[in-house]
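Have a look at target.cif below; it lists mmCIF, C-alpha atoms (C1' of nucleotides).
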```
data_structure
#
loop_
_atom_site.label_atom_id
_atom_site.label_comp_id
_atom_site.auth_asym_id
_atom_site.auth_seq_id
_atom_site.Cartn_x
_atom_site.Cartn_y
_atom_site.Cartn_z
CA MET A 1 0.00 0.00 0.00
CA THR A 2 2.99 2.26 0.64
CA THR A 3 3.71 2.12 -3.07
CA ALA A 4 0.24 3.37 -3.98
CA SER A 5 0.46 6.17 -1.42
CA THR A 6 3.84 7.25 -2.73
CA ASP A 7 2.48 7.33 -6.27
CA ASP A 8 -0.47 9.37 -5.09
CA SER A 9 1.85 11.78 -3.34
CA THR A 10 3.78 12.32 -6.54
CA LEU A 11 0.53 12.68 -8.43
CA LEU A 12 -0.69 15.36 -6.03
CA ARG A 13 2.57 17.29 -6.16
CA GLU A 14 2.62 17.12 -9.95
CA ARG A 15 -0.71 18.94 -9.98
CA GLY A 16 0.56 21.56 -7.57
CA LEU A 17 -1.48 20.18 -4.67
CA ARG A 18 -0.21 19.69 -1.16
CA VAL A 19 0.08 16.15 0.11
CA THR A 20 -2.21 15.65 3.06
CA GLY A 21 -3.56 12.69 4.93
CA VAL A 22 -7.13 13.32 3.88
CA ARG A 23 -6.22 13.50 0.19
CA LEU A 24 -4.20 10.34 0.29
CA GLY A 25 -6.97 8.70 2.26
CA VAL A 26 -9.62 9.70 -0.26
CA LEU A 27 -7.53 8.48 -3.18
CA ARG A 28 -6.78 5.20 -1.43
CA ALA A 29 -10.44 4.71 -0.51
CA LEU A 30 -11.44 5.25 -4.12
CA ASP A 31 -8.89 2.66 -5.25
CA GLY A 32 -10.69 0.11 -3.14
CA HIS A 33 -14.21 1.29 -3.87
CA GLN A 34 -14.84 3.09 -7.14
CA HIS A 35 -17.97 5.27 -7.51
CA SER A 36 -18.13 6.14 -3.82
CA THR A 37 -20.35 8.91 -2.48
CA ALA A 38 -18.99 11.72 -0.33
CA ASP A 39 -20.55 9.98 2.65
CA ASP A 40 -18.92 6.66 1.80
CA LEU A 41 -15.61 8.45 1.60
CA VAL A 42 -16.05 10.20 4.94
CA ARG A 43 -16.62 6.81 6.53
CA ALA A 44 -13.78 5.14 4.66
CA VAL A 45 -11.27 7.87 5.49
CA ARG A 46 -12.38 7.90 9.13
CA ALA A 47 -11.86 4.14 9.33
CA ASP A 48 -8.41 4.72 7.88
CA LEU A 49 -7.22 7.88 9.62
CA GLY A 50 -9.32 8.05 12.74
CA THR A 51 -11.08 11.39 12.51
CA VAL A 52 -11.89 13.65 9.59
CA SER A 53 -14.48 16.37 9.24
CA VAL A 54 -17.11 16.26 6.53
CA GLN A 55 -15.79 19.54 5.12
CA ALA A 56 -12.28 18.25 4.83
CA VAL A 57 -13.57 15.51 2.57
CA TYR A 58 -15.75 17.85 0.50
CA ASP A 59 -12.91 20.37 0.14
CA CYS A 60 -10.60 17.56 -0.83
CA LEU A 61 -13.04 16.20 -3.40
CA HIS A 62 -13.40 19.65 -4.94
CA ALA A 63 -9.65 20.16 -5.06
CA LEU A 64 -8.99 16.74 -6.57
CA THR A 65 -11.82 17.13 -9.07
CA ALA A 66 -10.61 20.58 -10.11
CA ALA A 67 -7.11 19.17 -10.54
CA GLY A 68 -8.44 16.48 -12.84
CA LEU A 69 -7.54 13.60 -10.54
CA LEU A 70 -11.15 12.70 -9.87
CA ARG A 71 -14.30 12.57 -11.88
CA ARG A 72 -17.60 13.55 -10.34
CA MET A 73 -20.89 12.15 -11.55
CA GLU A 74 -24.30 12.92 -10.18
CA PRO A 75 -27.13 10.54 -11.09
CA ALA A 76 -30.54 12.22 -10.86
CA GLY A 77 -32.07 11.58 -7.46
CA HIS A 78 -28.88 10.19 -5.92
CA PRO A 79 -25.94 11.80 -4.16
CA ALA A 80 -22.84 12.51 -6.26
CA ARG A 81 -20.28 9.78 -6.81
CA TYR A 82 -16.58 10.02 -7.45
CA GLU A 83 -14.17 7.88 -9.42
CA ARG A 84 -10.51 7.84 -10.34
CA ARG A 85 -10.98 6.86 -13.97
CA VAL A 86 -10.47 10.14 -15.77
CA GLY A 87 -9.46 11.08 -19.25
CA ASP A 88 -10.98 8.13 -21.05
CA ASN A 89 -14.22 7.69 -22.91
CA HIS A 90 -16.46 5.74 -20.64
CA HIS A 91 -20.04 6.06 -19.47
CA HIS A 92 -22.18 4.78 -16.62
CA VAL A 93 -25.05 2.45 -15.79
CA VAL A 94 -27.07 3.58 -12.80
CA CYS A 95 -29.40 1.33 -10.83
CA ARG A 96 -32.84 2.85 -10.31
CA GLY A 97 -33.22 0.86 -7.12
CA CYS A 98 -30.12 1.43 -5.05
CA GLY A 99 -28.22 4.01 -7.07
CA ALA A 100 -25.27 1.69 -7.69
CA VAL A 101 -23.05 2.78 -10.55
CA ALA A 102 -20.94 0.71 -12.93
CA ASP A 103 -18.68 1.73 -15.78
CA VAL A 104 -19.69 1.16 -19.36
CA ASP A 105 -17.03 1.33 -22.01
CA CYS A 106 -17.88 3.04 -25.22
CA THR A 107 -18.86 0.56 -27.89
CA VAL A 108 -17.84 2.75 -30.76
CA GLY A 109 -14.84 5.00 -30.85
CA ALA A 110 -16.30 7.79 -32.90
CA ALA A 111 -19.62 8.13 -31.05
CA PRO A 112 -21.69 9.24 -34.06
CA CYS A 113 -24.78 10.37 -32.21
CA LEU A 114 -22.72 12.37 -29.75
CA THR A 115 -22.20 15.15 -32.22
CA PRO A 116 -25.44 17.05 -32.06
CA ARG A 117 -26.68 18.82 -35.14
CA ASP A 118 -28.66 21.77 -33.82
CA THR A 119 -27.57 22.98 -30.39
CA HIS A 120 -29.57 26.22 -30.40
CA GLY A 121 -26.43 28.34 -30.25
CA PHE A 122 -24.96 26.50 -27.29
CA THR A 123 -21.21 25.84 -27.37
CA VAL A 124 -21.09 22.18 -26.48
CA ASP A 125 -17.90 20.78 -24.99
CA LEU A 126 -18.96 17.51 -23.43
CA ALA A 127 -21.39 14.68 -24.05
CA GLU A 128 -22.49 12.52 -21.17
CA VAL A 129 -24.24 9.18 -21.53
CA THR A 130 -26.06 7.53 -18.66
CA PHE A 131 -27.79 4.18 -18.88
CA TRP A 132 -30.60 3.48 -16.45
CA GLY A 133 -31.77 0.09 -15.25
CA LEU A 134 -31.47 -2.32 -12.38
CA CYS A 135 -28.40 -3.90 -10.86
CA PRO A 136 -28.38 -7.70 -10.44
CA THR A 137 -29.27 -7.44 -6.76
CA CYS A 138 -32.23 -5.09 -7.21
CA ALA A 139 -33.45 -6.99 -10.28
CA SER A 140 -33.66 -10.24 -8.34
CA GLU A 141 -35.58 -8.66 -5.48
CA PRO A 142 -39.21 -9.83 -4.91
CA THR A 143 -40.52 -6.69 -6.67
CA ALA A 144 -41.23 -5.10 -3.31
CA ASP A 145 -41.11 -1.55 -4.62
CA PRO A 146 -40.92 0.79 -1.64
CA VAL A 147 -38.86 3.34 -3.52
CA PRO A 148 -40.66 4.74 -6.58
CA ALA A 149 -37.67 4.04 -8.84
CA ALA A 150 -35.38 7.01 -9.28
CA GLY A 151 -33.95 8.39 -12.45
CA PRO A 152 -35.42 10.11 -15.43
CA SER A 153 -38.81 9.14 -16.71
CA GLY A 154 -40.37 9.32 -20.08
CA THR A 155 -38.84 7.95 -23.21
CA THR A 156 -35.36 9.02 -24.08
CA HIS A 157 -33.75 6.07 -25.73
CA ARG A 158 -35.60 2.92 -25.00
CA VAL A 159 -33.08 0.14 -24.87
CA GLY A 160 -33.85 -3.49 -25.52
CA THR A 161 -36.99 -4.96 -27.08
CA PRO A 162 -38.62 -2.25 -29.21
CA MET B 1 -56.14 29.22 -24.90
CA THR B 2 -59.51 27.76 -24.01
CA THR B 3 -58.83 25.18 -26.68
CA ALA B 4 -55.55 24.16 -25.10
CA SER B 5 -57.15 23.90 -21.67
CA THR B 6 -59.96 21.76 -23.03
CA ASP B 7 -57.43 19.50 -24.72
CA ASP B 8 -55.49 19.25 -21.51
CA SER B 9 -58.65 18.35 -19.63
CA THR B 10 -59.31 15.51 -22.04
CA LEU B 11 -55.69 14.46 -21.80
CA LEU B 12 -55.88 14.32 -18.02
CA ARG B 13 -59.11 12.33 -18.02
CA GLU B 14 -57.72 9.90 -20.58
CA ARG B 15 -54.96 9.07 -18.14
CA GLY B 16 -57.41 8.63 -15.30
CA LEU B 17 -56.39 11.85 -13.61
CA ARG B 18 -58.79 14.38 -12.17
CA VAL B 19 -58.98 17.74 -13.83
CA THR B 20 -57.88 20.43 -11.40
CA GLY B 21 -56.85 24.02 -11.66
CA VAL B 22 -53.29 23.39 -10.60
CA ARG B 23 -52.79 20.64 -13.18
CA LEU B 24 -54.19 22.71 -16.01
CA GLY B 25 -52.12 25.64 -14.78
CA VAL B 26 -48.91 23.60 -14.75
CA LEU B 27 -49.55 22.21 -18.23
CA ARG B 28 -50.38 25.66 -19.57
CA ALA B 29 -47.28 27.17 -17.94
CA LEU B 30 -45.12 24.49 -19.54
CA ASP B 31 -46.64 25.25 -22.93
CA GLY B 32 -45.37 28.78 -22.62
CA HIS B 33 -42.05 27.93 -21.00
CA GLN B 34 -40.57 24.50 -21.65
CA HIS B 35 -37.91 23.10 -19.27
CA SER B 36 -39.24 25.00 -16.26
CA THR B 37 -38.13 24.23 -12.72
CA ALA B 38 -40.60 23.44 -9.96
CA ASP B 39 -39.98 26.92 -8.63
CA ASP B 40 -40.65 28.53 -12.01
CA LEU B 41 -43.90 26.62 -12.16
CA VAL B 42 -44.98 27.65 -8.67
CA ARG B 43 -44.51 31.27 -9.70
CA ALA B 44 -46.19 30.81 -13.09
CA VAL B 45 -49.21 29.03 -11.65
CA ARG B 46 -49.52 31.61 -8.89
CA ALA B 47 -49.49 34.40 -11.45
CA ASP B 48 -52.20 32.50 -13.28
CA LEU B 49 -54.44 31.21 -10.50
CA GLY B 50 -53.66 33.48 -7.59
CA THR B 51 -52.52 31.14 -4.85
CA VAL B 52 -51.02 27.67 -4.94
CA SER B 53 -48.98 25.82 -2.37
CA VAL B 54 -45.57 24.47 -3.21
CA GLN B 55 -46.75 20.96 -2.41
CA ALA B 56 -49.68 21.18 -4.78
CA VAL B 57 -47.23 21.85 -7.57
CA TYR B 58 -44.85 19.07 -6.52
CA ASP B 59 -47.71 16.59 -6.14
CA CYS B 60 -49.04 17.64 -9.48
CA LEU B 61 -45.64 17.26 -11.13
CA HIS B 62 -45.30 13.76 -9.69
CA ALA B 63 -48.76 12.78 -10.84
CA LEU B 64 -48.29 14.15 -14.33
CA THR B 65 -44.84 12.58 -14.62
CA ALA B 66 -46.11 9.21 -13.43
CA ALA B 67 -48.94 9.43 -15.96
CA GLY B 68 -46.44 10.04 -18.73
CA LEU B 69 -47.67 13.54 -19.52
CA LEU B 70 -44.46 15.17 -18.33
CA ARG B 71 -40.79 14.35 -18.54
CA ARG B 72 -38.49 15.15 -15.66
CA MET B 73 -34.81 15.83 -16.15
CA GLU B 74 -32.29 16.70 -13.49
CA PRO B 75 -29.01 18.21 -14.65
CA ALA B 76 -26.21 17.66 -12.13
CA GLY B 77 -25.98 20.61 -9.79
CA HIS B 78 -29.22 22.20 -10.90
CA PRO B 79 -32.84 21.79 -9.78
CA ALA B 80 -35.01 19.43 -11.79
CA ARG B 81 -36.73 20.67 -14.93
CA TYR B 82 -39.93 19.51 -16.56
CA GLU B 83 -41.09 19.40 -20.17
CA ARG B 84 -44.12 18.28 -22.14
CA ARG B 85 -42.20 16.61 -24.94
CA VAL B 86 -42.53 12.95 -24.07
CA GLY B 87 -42.30 9.74 -26.01
CA ASP B 88 -39.79 10.89 -28.61
CA ASN B 89 -36.08 10.42 -28.85
CA HIS B 90 -34.57 13.71 -27.92
CA HIS B 91 -31.77 14.80 -25.66
CA HIS B 92 -30.66 17.97 -23.90
CA VAL B 93 -27.95 20.61 -23.87
CA VAL B 94 -27.38 22.12 -20.45
CA CYS B 95 -25.61 25.42 -19.85
CA ARG B 96 -22.87 25.17 -17.21
CA GLY B 97 -23.37 28.82 -16.39
CA CYS B 98 -27.07 29.35 -15.81
CA GLY B 99 -28.47 25.84 -16.07
CA ALA B 100 -30.59 26.67 -19.11
CA VAL B 101 -31.76 23.63 -21.04
CA ALA B 102 -32.51 23.20 -24.73
CA ASP B 103 -33.69 20.21 -26.71
CA VAL B 104 -31.37 18.35 -29.03
CA ASP B 105 -32.86 16.06 -31.59
CA CYS B 106 -31.16 12.79 -32.20
CA THR B 107 -28.97 12.91 -35.28
CA VAL B 108 -29.22 9.23 -35.97
CA GLY B 109 -32.31 7.13 -35.58
CA ALA B 110 -30.68 3.93 -34.48
CA ALA B 111 -28.36 5.42 -31.86
CA PRO B 112 -25.51 2.97 -32.37
CA CYS B 113 -23.49 3.82 -29.31
CA LEU B 114 -26.51 3.68 -27.05
CA THR B 115 -26.50 -0.08 -26.95
CA PRO B 116 -23.84 -0.84 -24.38
CA ARG B 117 -21.84 -4.02 -24.71
CA ASP B 118 -20.93 -4.92 -21.17
CA THR B 119 -23.36 -3.68 -18.54
CA HIS B 120 -21.99 -5.72 -15.63
CA GLY B 121 -25.23 -7.66 -15.23
CA PHE B 122 -27.42 -4.55 -15.11
CA THR B 123 -30.73 -4.73 -16.98
CA VAL B 124 -30.64 -1.50 -18.91
CA ASP B 125 -33.89 0.05 -20.07
CA LEU B 126 -33.02 3.62 -20.89
CA ALA B 127 -30.14 5.63 -22.27
CA GLU B 128 -29.87 9.29 -21.49
CA VAL B 129 -27.64 11.74 -23.33
CA THR B 130 -26.77 15.14 -21.92
CA PHE B 131 -24.59 17.68 -23.67
CA TRP B 132 -22.78 20.26 -21.54
CA GLY B 133 -21.63 23.67 -22.65
CA LEU B 134 -22.57 27.33 -22.54
CA CYS B 135 -25.70 29.04 -23.75
CA PRO B 136 -25.28 32.06 -26.07
CA THR B 137 -25.84 34.49 -23.19
CA CYS B 138 -23.33 32.91 -20.81
CA ALA B 139 -20.80 32.38 -23.62
CA SER B 140 -20.80 36.08 -24.49
CA GLU B 141 -20.27 37.13 -20.89
CA PRO B 142 -16.92 38.83 -19.99
CA THR B 143 -15.60 35.57 -18.48
CA ALA B 144 -16.42 36.82 -14.99
CA ASP B 145 -16.64 33.36 -13.45
CA PRO B 146 -18.32 33.72 -10.07
CA VAL B 147 -19.93 30.29 -10.30
CA PRO B 148 -17.36 27.49 -10.67
CA ALA B 149 -19.20 26.02 -13.67
CA ALA B 150 -21.60 23.24 -12.80
CA GLY B 151 -21.96 19.88 -14.43
CA PRO B 152 -19.75 16.84 -14.65
CA SER B 153 -16.02 17.25 -14.92
CA GLY B 154 -13.33 15.10 -16.38
CA THR B 155 -13.39 13.72 -19.86
CA THR B 156 -16.42 11.83 -21.00
CA HIS B 157 -16.82 12.59 -24.63
CA ARG B 158 -14.91 15.64 -25.62
CA VAL B 159 -16.88 17.35 -28.34
CA GLY B 160 -15.38 19.69 -30.90
CA THR B 161 -11.70 20.33 -31.57
CA PRO B 162 -9.69 17.38 -30.22
"C1'" DG C 1 13.53 26.37 11.57
"C1'" DC C 2 10.38 30.36 10.52
"C1'" DC C 3 6.41 32.43 8.24
"C1'" DT C 4 2.99 32.57 4.73
"C1'" DT C 5 -0.29 30.06 2.46
"C1'" DT C 6 -3.37 26.51 2.37
"C1'" DT C 7 -6.03 23.06 4.67
"C1'" DC C 8 -8.82 21.27 8.44
"C1'" DT C 9 -12.33 21.74 12.28
"C1'" DG C 10 -17.02 22.39 14.05
"C1'" DG C 11 -21.15 24.46 13.70
"C1'" DA C 12 -24.69 26.89 11.46
"C1'" DA C 13 -27.08 27.82 7.16
"C1'" DT C 14 -28.79 26.89 2.46
"C1'" DC C 15 -31.48 24.79 -1.19
"C1'" DG C 16 -34.59 21.64 -3.38
"C1'" DT C 17 -37.59 18.41 -2.06
"C1'" DT C 18 -40.53 15.44 0.87
"C1'" DC C 19 -43.34 14.10 4.94
"C1'" DC C 20 -47.24 15.01 7.79
"C1'" DA C 21 -52.09 15.83 9.35
"C1'" DG C 22 -55.94 18.23 8.45
"C1'" DT C 23 -59.22 20.59 5.10
"C1'" DA C 24 -61.30 21.06 0.59
"C1'" DA C 25 -62.80 19.67 -3.70
"C1'" DG C 26 -63.66 16.19 -7.78
"C1'" DG C 27 -66.83 12.92 -9.78
"C1'" DG C 28 -68.98 8.01 -9.89
"C1'" DG C 29 -73.10 5.79 -7.96
"C1'" DT C 30 -77.85 6.17 -6.62
"C1'" DA D 1 -79.38 16.42 -8.32
"C1'" DC D 2 -77.35 14.73 -4.24
"C1'" DC D 3 -74.23 12.09 -1.31
"C1'" DC D 4 -70.07 9.91 -0.16
"C1'" DC D 5 -65.67 8.17 -0.98
"C1'" DT D 6 -61.59 9.03 -2.95
"C1'" DT D 7 -58.13 12.11 -4.26
"C1'" DA D 8 -56.05 16.69 -4.22
"C1'" DC D 9 -54.67 20.84 -1.75
"C1'" DT D 10 -52.97 23.68 2.35
"C1'" DG D 11 -49.39 25.07 5.71
"C1'" DG D 12 -45.80 23.95 8.35
"C1'" DA D 13 -42.11 21.18 9.83
"C1'" DA D 14 -38.49 17.93 8.46
"C1'" DC D 15 -35.07 16.02 5.50
"C1'" DG D 16 -30.42 14.99 3.09
"C1'" DA D 17 -26.70 16.67 0.48
"C1'" DT D 18 -23.92 20.31 0.21
"C1'" DT D 19 -21.96 24.87 1.22
"C1'" DC D 20 -20.64 28.96 4.05
"C1'" DC D 21 -18.21 30.83 7.92
"C1'" DA D 22 -14.40 31.99 11.26
"C1'" DG D 23 -10.84 30.31 13.73
"C1'" DA D 24 -7.02 26.64 14.65
"C1'" DA D 25 -3.60 23.59 12.67
"C1'" DA D 26 -0.43 21.94 9.46
"C1'" DA D 27 2.34 21.95 4.85
"C1'" DG D 28 6.35 23.41 2.56
"C1'" DG D 29 9.20 27.31 0.19
"C1'" DC D 30 12.60 30.33 1.83
#
```

Take the structure in the file and write it out as C-alpha cells.
Amino acid sequence: MTTASTDDSTLLRERGLRVTGVRLGVLRALDGHQHSTADDLVRAVRADLGTVSVQAVYDCLHALTAAGLLRRMEPAGHPARYERRVGDNHHHVVCRGCGAVADVDCTVGAAPCLTPRDTHGFTVDLAEVTFWGLCPTCASEPTADPVPAAGPSGTTHRVGTP
Amino acid sequence: MTTASTDDSTLLRERGLRVTGVRLGVLRALDGHQHSTADDLVRAVRADLGTVSVQAVYDCLHALTAAGLLRRMEPAGHPARYERRVGDNHHHVVCRGCGAVADVDCTVGAAPCLTPRDTHGFTVDLAEVTFWGLCPTCASEPTADPVPAAGPSGTTHRVGTP
DNA sequence: GCCTTTTCTGGAATCGTTCCAGTAAGGGGT
DNA sequence: ACCCCTTACTGGAACGATTCCAGAAAAGGC
C-alpha cells in the first residue's frame, strides 16, 4: 500500500497540490471502492485515519476534481459519486433501485450520435451518456417496490426490445 | 387558450387523472415555457391562478410525470426541470453557467453507441444523453466566473476540436 | 527552523424536495 | 341532483446533500 500512497503523493505534487492525509486517504479509498459517495468516503477515510471532518472531505473532493484527478458524476435523485478513472471515454449504468453505478465502455470510438446537429447556439464541450436500469441485486428482489424508482422518466432512448 | 385547456382536460381524463386548476395551470405554464423548474412553475401558476402551495405543484408534477404527460430531467448541480415533450427520442444541452436547457434532436435514428456491450449484469432500459456547454448568453459574458461552472467534470466525450 | 499560504475543524445555514395531518374539492353511484 | 368516498390541496415542519463561515492547525518554500 505504501507504493500506492507514494504514487499518489507524486501525483498530487505534480498537480501543484499539497500532500495531506485526507487527500491520500480519499484516493486510497477510491482505489478500493470506485464510484463512492462523499458519505462513503467520509466513513472510509475515518476508518483509515481516525477522525476527519465532513468539510475536509468535500474540500478535498473539490480540489482533486478541479485538478483532474477525480471525476464527479451525479445521477438524478442520488448523491454525487466520485471515481478515479479520468481522461478516457467511458459512461455509466445507474441502478434505479439502489443508485449503484458501474462503468460502461464506449462501444464505438467515434460516437456518431454524440455530435449534435442543432444545439440552439450552445457551445457544447462535453457529451455525457447515462444508462438506467437495475443492478443484479435489485433486479432479483421480490418486486417489493418501496422506492418509486429514481432516475429520469419518459422515453429518451428505449433500450432493448422495441 | 380555451382550446388548449380543453385538450389538456381531455388528456388528463384519458390518463385517469382528475382535472384540477393546478394541473391545467402547470400544463399551460409548460406550454409557454418549456424546461421550467418546480420553482418557475410555482410562480407561473400563482401568477395564473392566484394562490397555490408548493406541495400542490410538486404533487401535481409527480402525478403528471407518473402518468407520462411530463418528462423530468435533473441536470447535475441544478434543480429538476420539466417538459411536455414525451415519447420521442430527444436529448438535452445544459448550460454550465445558468443551467438553461434546450432540446437536441437525435442525429441518428438507431443510436448505435446507445447499446452498451458490457453492462456488468445490469438490466438497462433507458439511455440518457446530456450535452454540456454554454448558452449564447453565458458564452458572451466577460468571463467573470463567479460560479465554478456546474456539471460533470473530467473527460467523458470531448466534443469539438480534439 | 520560521512564516505565509493553504487546509482542516465544528457548527450553522442553504437549497430543493418530501413528509405530515388536516381541510377542501372532484366525480362516480344512486 | 345529491351524497359519499376518494383524491387533491394547504401550511408547516423535516429532511439529506452540500456549502458557508471563522478560527485553529499543518504543509512546505525560503

Item to check | Explicit residues for the PyMOL selection byres ((chain B) within 9 of (chain C)) (as a list of chain:residue names) | outcome: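 Taken over the shown coordinates, the PyMOL selection byres ((chain B) within 9 of (chain C)) returns B:Arg18, B:Val19, B:Thr20, B:Gln55, B:Tyr58, B:Pro79, B:Ala80.
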
Item to check | CA of Val42 (chain A) to CA of Gly97 (chain A), distance in Å rounded to a single decimal | outcome: 23.0 Å

Item to check | Computed interatomic separation between CA of Arg96 (chain A) and CA of Arg81 (chain A) (Å) | outcome: 14.8 Å

Next on the checklist: Residue by residue, what does the PyMOL selection byres ((chain D) within 10 of (chain A)) grab here? Present the result as a VMD selection string.
Outcome noted: chain D and resid 16 to 19 26 to 28

Checklist entry - Residues at most 7 Å from Val45 (chain A), counting only C-alpha atoms (C1' of nucleotides), excluding those fewer than 3 positions away in the same chain, as a ChimeraX atom specification? => result /A:25-26,29,41-42,48-49

Checklist entry - For the file shown, what are the residues hit by the PyMOL selection byres ((chain B and resi 59) around 12), laid out as an MDAnalysis selection string? => result (chainID B and resid 22:23 26 38 42 52:58 60:66) or (chainID C and resid 17:18) or (chainID D and resid 7:9)

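Closest approach to chain A among B:Gly32, B:Gly99, B:Gly50, B:Gly121: B:Gly121, based on all atoms listed in the file.
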
Next on the checklist: One decimal, in Å: what's the spacing between CA of Leu126 (chain B) and CA of Ala102 (chain A)?
Outcome noted: 14.8 Å

Checklist entry - Pick the closest to chain A from B:Arg85, B:Arg28, B:Arg71, B:His92: which is it, counting all atoms listed in the file? => result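 Closest residue, counting all atoms listed in the file: B:Arg71.
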
Checklist entry - When distances are computed from all atoms listed in the file, which of A:Val124, A:Asp7, A:Thr37, A:Phe131 shows the smallest separation from Asp105 (chain A)? => result A:Phe131

Next on the checklist: Report as a list in words all protein, DNA and RNA residues lying within 8 Å of Val101 (chain B), evaluated on all atoms listed in the file, omitting residues in the same chain fewer than 4 positions from it.
Outcome noted: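 My reading of the contact set: His35, His92, Val93, Val94 and Cys95 of chain B.
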
Take region 75-95 of chain B, model N, CA and C atoms, and hand the result over as an mmCIF file, in the coordinates of the input.
```
data_model
loop_
_atom_site.group_PDB
_atom_site.id
_atom_site.type_symbol
_atom_site.label_atom_id
_atom_site.label_comp_id
_atom_site.auth_asym_id
_atom_site.auth_seq_id
_atom_site.Cartn_x
_atom_site.Cartn_y
_atom_site.Cartn_z
ATOM 1 N N PRO B 75 -30.428 18.007 -14.326
ATOM 2 C CA PRO B 75 -29.010 18.210 -14.650
ATOM 3 C C PRO B 75 -28.205 18.324 -13.358
ATOM 4 N N ALA B 76 -27.070 17.643 -13.311
ATOM 5 C CA ALA B 76 -26.210 17.660 -12.130
ATOM 6 C C ALA B 76 -25.968 19.075 -11.644
ATOM 7 N N GLY B 77 -26.242 19.317 -10.373
ATOM 8 C CA GLY B 77 -25.980 20.610 -9.790
ATOM 9 C C GLY B 77 -27.047 21.657 -10.021
ATOM 10 N N HIS B 78 -28.134 21.262 -10.660
ATOM 11 C CA HIS B 78 -29.220 22.200 -10.900
ATOM 12 C C HIS B 78 -30.536 21.546 -10.490
ATOM 13 N N PRO B 79 -31.527 22.361 -10.099
ATOM 14 C CA PRO B 79 -32.840 21.790 -9.780
ATOM 15 C C PRO B 79 -33.459 21.108 -10.994
ATOM 16 N N ALA B 80 -34.373 20.191 -10.722
ATOM 17 C CA ALA B 80 -35.010 19.430 -11.790
ATOM 18 C C ALA B 80 -35.819 20.328 -12.713
ATOM 19 N N ARG B 81 -35.934 19.924 -13.966
ATOM 20 C CA ARG B 81 -36.730 20.670 -14.930
ATOM 21 C C ARG B 81 -37.726 19.734 -15.599
ATOM 22 N N TYR B 82 -38.857 20.312 -15.999
ATOM 23 C CA TYR B 82 -39.930 19.510 -16.560
ATOM 24 C C TYR B 82 -40.269 19.984 -17.971
ATOM 25 N N GLU B 83 -40.709 19.037 -18.802
ATOM 26 C CA GLU B 83 -41.090 19.400 -20.170
ATOM 27 C C GLU B 83 -42.238 18.527 -20.633
ATOM 28 N N ARG B 84 -42.966 19.014 -21.637
ATOM 29 C CA ARG B 84 -44.120 18.280 -22.140
ATOM 30 C C ARG B 84 -43.766 17.339 -23.274
ATOM 31 N N ARG B 85 -42.591 17.497 -23.855
ATOM 32 C CA ARG B 85 -42.200 16.610 -24.940
ATOM 33 C C ARG B 85 -41.888 15.231 -24.373
ATOM 34 N N VAL B 86 -42.769 14.300 -24.569
ATOM 35 C CA VAL B 86 -42.530 12.950 -24.070
ATOM 36 C C VAL B 86 -42.671 11.959 -25.229
ATOM 37 N N GLY B 87 -42.104 10.810 -25.046
ATOM 38 C CA GLY B 87 -42.300 9.740 -26.010
ATOM 39 C C GLY B 87 -41.557 9.883 -27.314
ATOM 40 N N ASP B 88 -40.614 10.835 -27.394
ATOM 41 C CA ASP B 88 -39.790 10.890 -28.610
ATOM 42 C C ASP B 88 -38.323 10.844 -28.202
ATOM 43 N N ASN B 89 -37.500 10.523 -29.148
ATOM 44 C CA ASN B 89 -36.080 10.420 -28.850
ATOM 45 C C ASN B 89 -35.390 11.771 -28.954
ATOM 46 N N HIS B 90 -35.334 12.471 -27.879
ATOM 47 C CA HIS B 90 -34.570 13.710 -27.920
ATOM 48 C C HIS B 90 -33.755 13.867 -26.653
ATOM 49 N N HIS B 91 -32.685 14.626 -26.783
ATOM 50 C CA HIS B 91 -31.770 14.800 -25.660
ATOM 51 C C HIS B 91 -31.696 16.260 -25.268
ATOM 52 N N HIS B 92 -30.718 16.597 -24.422
ATOM 53 C CA HIS B 92 -30.660 17.970 -23.900
ATOM 54 C C HIS B 92 -29.245 18.551 -23.894
ATOM 55 N N VAL B 93 -29.190 19.854 -24.112
ATOM 56 C CA VAL B 93 -27.950 20.610 -23.870
ATOM 57 C C VAL B 93 -28.195 21.403 -22.606
ATOM 58 N N VAL B 94 -27.245 21.375 -21.697
ATOM 59 C CA VAL B 94 -27.380 22.120 -20.450
ATOM 60 C C VAL B 94 -26.244 23.139 -20.365
ATOM 61 N N CYS B 95 -26.603 24.364 -19.986
ATOM 62 C CA CYS B 95 -25.610 25.420 -19.850
ATOM 63 C C CYS B 95 -24.942 25.320 -18.474
#
```
